[in-house]
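To start, the structure itself, in structure tokens.
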Amino acid sequence: MTEPVIEAANVSRSFGSGPARVQALKDIDLTLNGGELTVLMGPSGSGKTTLLSILGCMLAPTVGTVRVCGATTSGALPEELAKIRRQHIGFVFQSYHLFSTLTVAENVRLALDVRGERGLKAMAKTEEILASVGLTSKIASFPRQLSGGEQQRVAIARAIVAEPSAILADEPTAALDAANGQATMAILSAIAKERGRAVLVVTHDPRLFGFADRIVYIEDGSITREQSTDFRSN
């Protein structure tokens, strides 16, 4: 049985004011459940990244409410939102966002360091999570020594090492070839199934549908339809 991890209710977001006002999101209702991988699909400019930013507590809605693990973010101060992100949300980005001067292990341990976890326990967690994504042999390597697929696996390891309740991935396969894109999605799918996390993947690539439990379509800032799936490509 799945349980809600992130819930958005009647969420709208606008930017600017007066004639320059842009309505980026309109009356969004969306729930991300533990144990499910949801794909958010839509063309460029449809509001995908804005919605991800709101669900990830990086951006506040103009109207509506967001709840993370049962707690509302309405009225939360920036430091309170940052605490929610640290405790409950892991992010994976298209461009990896790895620090070039840090090793693979050091990049992953950063996610623990900001949560106050250090020392031998943090190193053990880092080694365990890197093993789970097949990077034990790369632990002392630097990003420049890795392939694009390996760098994305480091980014995923960093996102999940602190055991967040939800993983939000913004176009995680866009910079990868087909084989590495499939491998990345297989890891994200396993995180949802085996670890019981809510995983949201923002994409415009229909080849990823085989990994989804649910596909949500967004266009012009509105969710147009949803569909559940019972197929897998992996």
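How things are named: the first chain in the structure tokens is A, the next is B, and so on; residues count from 1 in each chain; ligands count from 1 in the order shown.
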So which residues touch Arg109 of chain A within 8 Å, counting only C-alpha atoms, skipping near sequence neighbours fewer than 5 positions away, as number ranges by chain?
A: 122-123, 126, 158
Could you name the residues that touch Thr136 of chain A at 12 Å or less, counting only C-alpha atoms, but leaving out those on the same chain fewer than 6 positions away, as a PyMOL selection string?
chain A and resi 104-105+124+126-130+150+153-154+157
Export, as an mmCIF file, in the first residue's frame, the selected residues with N, CA and C atoms.
```cif
data_model
loop_
_atom_site.group_PDB
_atom_site.id
_atom_site.type_symbol
_atom_site.label_atom_id
_atom_site.label_comp_id
_atom_site.auth_asym_id
_atom_site.auth_seq_id
_atom_site.Cartn_x
_atom_site.Cartn_y
_atom_site.Cartn_z
ATOM 1 N N VAL A 104 34.516 11.227 -5.939
ATOM 2 C CA VAL A 104 33.169 10.669 -5.940
ATOM 3 C C VAL A 104 32.631 10.557 -4.525
ATOM 4 N N ALA A 105 33.431 9.988 -3.631
ATOM 5 C CA ALA A 105 32.990 9.815 -2.243
ATOM 6 C C ALA A 105 32.728 11.153 -1.579
ATOM 7 N N ALA A 124 30.769 5.073 5.875
ATOM 8 C CA ALA A 124 30.156 3.763 5.658
ATOM 9 C C ALA A 124 28.886 3.887 4.816
ATOM 10 N N THR A 126 28.256 6.246 2.682
ATOM 11 C CA THR A 126 28.683 6.628 1.345
ATOM 12 C C THR A 126 29.131 5.412 0.546
ATOM 13 N N GLU A 127 29.939 4.569 1.166
ATOM 14 C CA GLU A 127 30.428 3.373 0.483
ATOM 15 C C GLU A 127 29.274 2.434 0.136
ATOM 16 N N GLU A 128 28.315 2.310 1.044
ATOM 17 C CA GLU A 128 27.178 1.427 0.808
ATOM 18 C C GLU A 128 26.335 1.917 -0.364
ATOM 19 N N ILE A 129 26.076 3.220 -0.405
ATOM 20 C CA ILE A 129 25.206 3.738 -1.459
ATOM 21 C C ILE A 129 25.909 3.725 -2.812
ATOM 22 N N LEU A 130 27.223 3.961 -2.819
ATOM 23 C CA LEU A 130 27.961 3.885 -4.081
ATOM 24 C C LEU A 130 28.010 2.449 -4.598
ATOM 25 N N GLU A 150 28.224 7.503 -15.455
ATOM 26 C CA GLU A 150 28.788 7.347 -14.110
ATOM 27 C C GLU A 150 28.575 8.603 -13.281
ATOM 28 N N ARG A 153 25.118 8.603 -11.990
ATOM 29 C CA ARG A 153 24.958 7.659 -10.882
ATOM 30 C C ARG A 153 25.510 8.239 -9.576
ATOM 31 N N VAL A 154 26.582 9.017 -9.677
ATOM 32 C CA VAL A 154 27.091 9.708 -8.484
ATOM 33 C C VAL A 154 26.045 10.696 -7.977
ATOM 34 N N ALA A 157 23.383 8.796 -6.230
ATOM 35 C CA ALA A 157 23.866 8.342 -4.919
ATOM 36 C C ALA A 157 23.829 9.483 -3.910
#
```
Between A:Thr229, A:Gly221, A:Glu171, A:Ser53, which one has atoms that come closest to Leu25 of chain A, using only C-alpha atoms?
A:Gly221
For Ala111 of chain A, which residue among A:His97, A:Lys26, A:Arg86, A:Arg13 is the nearest when counting only C-alpha atoms?
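That would be A:Arg86, the residue with the smallest distance to Ala111 of chain A.
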Taking only C-alpha atoms into account, produce a table as a Markdown table in which each residue of segment 139-202 of chain A with an atom at most 9 Å from an atom of segment 35-51 of chain A appears once, together with its shortest atom pair and the distance in Å to one decimal, ordered by chain and rising number.
```
| residue | atom | partner | partner_atom | distance |
| --- | --- | --- | --- | --- |
| A:Asp170 | CA | A:Thr49 | CA | 7.0 |
| A:Leu188 | CA | A:Leu37 | CA | 7.7 |
| A:Ser189 | CA | A:Leu37 | CA | 6.2 |
| A:Ile191 | CA | A:Gly35 | CA | 8.1 |
| A:Ala192 | CA | A:Gly35 | CA | 4.5 |
| A:Lys193 | CA | A:Gly35 | CA | 5.0 |
| A:Glu194 | CA | A:Gly35 | CA | 7.6 |
| A:Arg195 | CA | A:Gly35 | CA | 7.2 |
| A:Gly196 | CA | A:Gly35 | CA | 4.0 |
| A:Arg197 | CA | A:Gly35 | CA | 5.1 |
| A:Ala198 | CA | A:Glu36 | CA | 5.5 |
| A:Val199 | CA | A:Leu37 | CA | 4.7 |
| A:Leu200 | CA | A:Thr38 | CA | 4.8 |
| A:Val201 | CA | A:Val39 | CA | 4.8 |
| A:Val202 | CA | A:Leu40 | CA | 4.7 |
```
Which polymer residues have any atom within 9 Å of an atom of Thr65 of chain A, counting only C-alpha atoms, with same-chain residues fewer than 5 positions away left out, as a PyMOL selection string?
chain A and resi 7-11+60+72-74
Backbone DSSP call of alpha helix (DSSP H) for segment 79-155 of chain A, listed as a PyMOL selection string:
chain A and resi 79-88+104-113+119-132+148-155
Pick the closest to Ile223 of chain A from A:Leu168, A:Leu30, A:Leu102, A:Ile6: which is it, counting only C-alpha atoms?
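When distances to Ile223 of chain A are compared using only C-alpha atoms, the smallest one comes from A:Leu30.
Closest approach to Asp220 of chain A from the set A:Ala24, A:Cys69, A:Ala179, A:Glu79 is made by A:Ala24, with distances taken over only C-alpha atoms.
Counting only C-alpha atoms, the residue from A:Ile156, A:Ile54, A:Leu32, A:Leu81 that sits nearest to Leu135 of chain A is A:Ile156.
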What is the distance between atom CA of Leu77 of chain A and atom CA of Tyr96 of chain A, in Å to one decimal?
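About the pair atom CA of Leu77 of chain A and atom CA of Tyr96 of chain A: they are 27.8 Å apart.
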Using only C-alpha atoms, which residues sit within 9 Å of Ile89 of chain A once same-chain residues fewer than 2 positions away are excluded, as an MDAnalysis selection string?
chainID A and resid 56:57 84:87 91 159:160 163:168
